[in-house]
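*Asks:* Quick one: this structure, given as structure tokens, is what I'll be asking you about.
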Amino acid sequence: MRQPLVAGNWKMNGSAESIERLLDGIKGSLDTVEKAEVVVCPPFVYLSDVRRQLTGSSVALGAQNVSEHPSGAYTGEIAASMLLDFQCRYVIVGHSERRSLFGESDSQVAAKFAAARAAGIRPILCVGEVLEEREQGITEKVVVRQLDAVIEEVGVEALADGVIAYEPVWAIGTGKTASPEQAQEVHAFIRGRIAERSADTAGQVRILYGGSVKAANAEALFAMPDIDGGLIGGASLDAEEFISICRAAV
Ligand code: PEP
């Protein structure tokens, strides 16, 4: 059985004060979450504060990005070993904002997956098509390209050390959610594609949905057989909304 996972991607939002309030809210209602593993991914500079505030709680810490390099002259970058120093258990790699705004290529994302995994951190690998690609009917082709780059780098079995997040780019931060059926179709495709190479890995790997998930649509999305939870952007900044989403993961 795959334990559902709900991860909050706070992106570049918050302040020391607002984050403390958000975490108080999350921790205060955590006992109402029955099944989901809960992860929060704050901006790098708050990792230390958040780690301290999460002491004794079951909420896991994640980061939003990682360098593919182990150390060296890479100004502004953060290595996987550094994230481990802050007890990060997860790190998002290949978020569509990193791919589109910062030019991260499939091979760079694959190298980031490998670097995180080598440090013992679970990468949350984001894949997904932009609107034009969906309209052209090439969603599966895009997702295969993004996934295969990682499989070529680390091998198919290594996917089980991470998490996949299917995030149709047209649904991120737009309020347009993929319908549960649309999302399930792509999730089943991804799992099937992995199963062609390793049935065990396909059975183990958690595939999250991301893209305008809210308390109001989470239950229907998470009820789909191949959707194992969610990667949540905007709604993860509101403790009550985020906890309701976590509760919906069964
Ligand atoms: C995201 O950025 O990963 C995301 C899913 O954002 P939102 O929930 O705001 O669409």
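Residue names in the structure tokens use chain letters A, B, ... in the order shown, residue numbers from 1 in each chain, and ligand numbers from 1 in the order shown.
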Per residue of chain A within 6 Å of ligand 1, which atom pair is closest and at what distance in Å (one decimal), using only C-alpha atoms and all ligand atoms, listed by chain and increasing number, as a Markdown table?
*Replies:*
| residue | atom | partner | partner_atom_place_in_ligand_line | distance |
| --- | --- | --- | --- | --- |
| A:Ala171 | CA | ligand 1 | 10 (O) | 5.9 |
| A:Ile172 | CA | ligand 1 | 10 (O) | 3.4 |
| A:Gly173 | CA | ligand 1 | 10 (O) | 3.6 |
| A:Gly210 | CA | ligand 1 | 5 (C) | 4.0 |
| A:Gly211 | CA | ligand 1 | 10 (O) | 3.7 |
| A:Ser212 | CA | ligand 1 | 10 (O) | 3.6 |
| A:Val213 | CA | ligand 1 | 8 (O) | 5.3 |
| A:Leu231 | CA | ligand 1 | 5 (C) | 5.4 |
| A:Ile232 | CA | ligand 1 | 8 (O) | 4.2 |
| A:Gly233 | CA | ligand 1 | 6 (O) | 3.4 |
| A:Gly234 | CA | ligand 1 | 9 (O) | 3.8 |
*Asks:* So which residues of range 25-141 of chain A fall under alpha helix (DSSP H) by DSSP, listed as an NGL selection string?
*Replies:* :A and (25-29 or 47-54 or 80-85 or 96-101 or 106-118 or 131-135 or 139-141)
*Asks:* Might you pull out every residue within 12 Å of Pro180 in chain A, with only C-alpha atoms counted and same-chain residues fewer than 3 positions away left off, and present them as a PyMOL selection string?
*Replies:* chain A and resi 177+183-188+209-211+213+217-227
*Asks:* Point out the residue among A:Ala60, A:Ile245, A:Val91, A:Ala73 with the least atom-to-atom distance to Pro43 in chain A, counting only C-alpha atoms.
*Replies:*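 Result for the nearest residue to Pro43 in chain A: A:Val91.
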*Asks:* Report as a list in words all protein, DNA and RNA residues lying within 8 Å of Leu47 in chain A, evaluated on only C-alpha atoms, omitting residues in the same chain fewer than 5 positions from it.
*Replies:* Pro42, Leu61, Ala63 and Phe86 of chain A
*Asks:* Write out as a PDB file with C-alpha atoms, in the first residue's frame which residues come within 12 Å of Leu83 in chain A when counting only C-alpha atoms, dropping same-chain ones fewer than 6 positions away.
*Replies:*
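Output (around_31.pdb):
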ATOM      1  CA  CYS A  41       8.739  23.072   1.526  1.00  0.00           C
ATOM      2  CA  PRO A  42       9.658  26.578   2.718  1.00  0.00           C
ATOM      3  CA  PRO A  43      12.110  28.942   1.012  1.00  0.00           C
ATOM      4  CA  PHE A  44      15.730  27.958   1.821  1.00  0.00           C
ATOM      5  CA  VAL A  45      16.355  30.758   4.319  1.00  0.00           C
ATOM      6  CA  TYR A  46      13.543  29.548   6.592  1.00  0.00           C
ATOM      7  CA  LEU A  47      14.582  25.873   6.655  1.00  0.00           C
ATOM      8  CA  SER A  48      16.366  26.239   9.972  1.00  0.00           C
ATOM      9  CA  ARG A  51      12.965  22.625  11.305  1.00  0.00           C
ATOM     10  CA  LEU A  61      10.689  19.131   5.911  1.00  0.00           C
ATOM     11  CA  GLY A  62      11.356  19.588   2.214  1.00  0.00           C
ATOM     12  CA  ALA A  63      13.184  22.099   0.011  1.00  0.00           C
ATOM     13  CA  GLN A  64      12.111  23.614  -3.285  1.00  0.00           C
ATOM     14  CA  ASN A  65      15.271  23.076  -5.307  1.00  0.00           C
ATOM     15  CA  VAL A  66      18.768  21.588  -5.105  1.00  0.00           C
ATOM     16  CA  SER A  67      21.979  21.899  -7.060  1.00  0.00           C
ATOM     17  CA  PRO A  70      28.049  18.369  -4.718  1.00  0.00           C
ATOM     18  CA  GLU A  77      23.266  27.329  -5.168  1.00  0.00           C
ATOM     19  CA  ARG A  89      13.652  14.551   3.811  1.00  0.00           C
ATOM     20  CA  TYR A  90      12.291  15.761   0.466  1.00  0.00           C
ATOM     21  CA  VAL A  91      13.251  18.187  -2.286  1.00  0.00           C
ATOM     22  CA  ILE A  92      11.225  19.323  -5.294  1.00  0.00           C
ATOM     23  CA  ALA A 115      22.153  14.323  -6.460  1.00  0.00           C
ATOM     24  CA  ALA A 116      19.262  14.385  -3.999  1.00  0.00           C
ATOM     25  CA  ARG A 117      18.905  10.618  -4.026  1.00  0.00           C
ATOM     26  CA  ALA A 119      22.403  12.268  -0.382  1.00  0.00           C
ATOM     27  CA  GLY A 120      19.476  10.235   0.947  1.00  0.00           C
ATOM     28  CA  ILE A 121      16.839  12.892   0.226  1.00  0.00           C
ATOM     29  CA  ARG A 122      13.670  11.917  -1.619  1.00  0.00           C
ATOM     30  CA  PRO A 123      13.296  13.970  -4.793  1.00  0.00           C
TER      31      PRO A 123
END
*Asks:* For CA of Ile194 in chain A and CA of Val156 in chain A, determine how far apart the two atoms are, in Å to one decimal place.
*Replies:*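 Spanning CA of Ile194 in chain A to CA of Val156 in chain A is a straight-line distance of 7.1 Å.
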*Asks:* Which distance in Å separates CA of Ile207 in chain A and CA of Ile164 in chain A, to one decimal?
*Replies:*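 We find that CA of Ile207 in chain A and CA of Ile164 in chain A lie 4.7 Å from each other.
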*Asks:* Under the rule that only C-alpha atoms are counted, which of A:Asp49, A:Glu37, A:Asp238, A:Glu97 is the nearest residue to Val130 in chain A?
*Replies:* A:Glu97
*Asks:* Calculated over only C-alpha atoms, which of the candidates A:Leu54, A:Leu147, A:Cys126, A:Ala114 has the smallest distance to Glu167 in chain A?
*Replies:* A:Cys126
*Asks:* Would you mind telling me which residue in A:Glu241, A:Asp85, A:Glu135, A:Glu196 lies nearest to Ala216 in chain A when using only C-alpha atoms?
*Replies:*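 With only C-alpha atoms as the atom set, the closest residue is A:Glu241.
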*Asks:* Could you pull out the strand (DSSP E) residues of range 104-247 of chain A, going by DSSP on the backbone, and write them as an MDAnalysis selection string?
*Replies:* chainID A and resid 122:127 163:166 206:210 229:232
*Asks:* Can you pull out every residue within 9 Å of Arg206 in chain A, counting only C-alpha atoms, but drop anything in the same chain fewer than 3 positions away, and send it as a VMD selection string?
*Replies:* chain A and resid 2 to 5 160 162 to 165 202 to 203 226 to 229
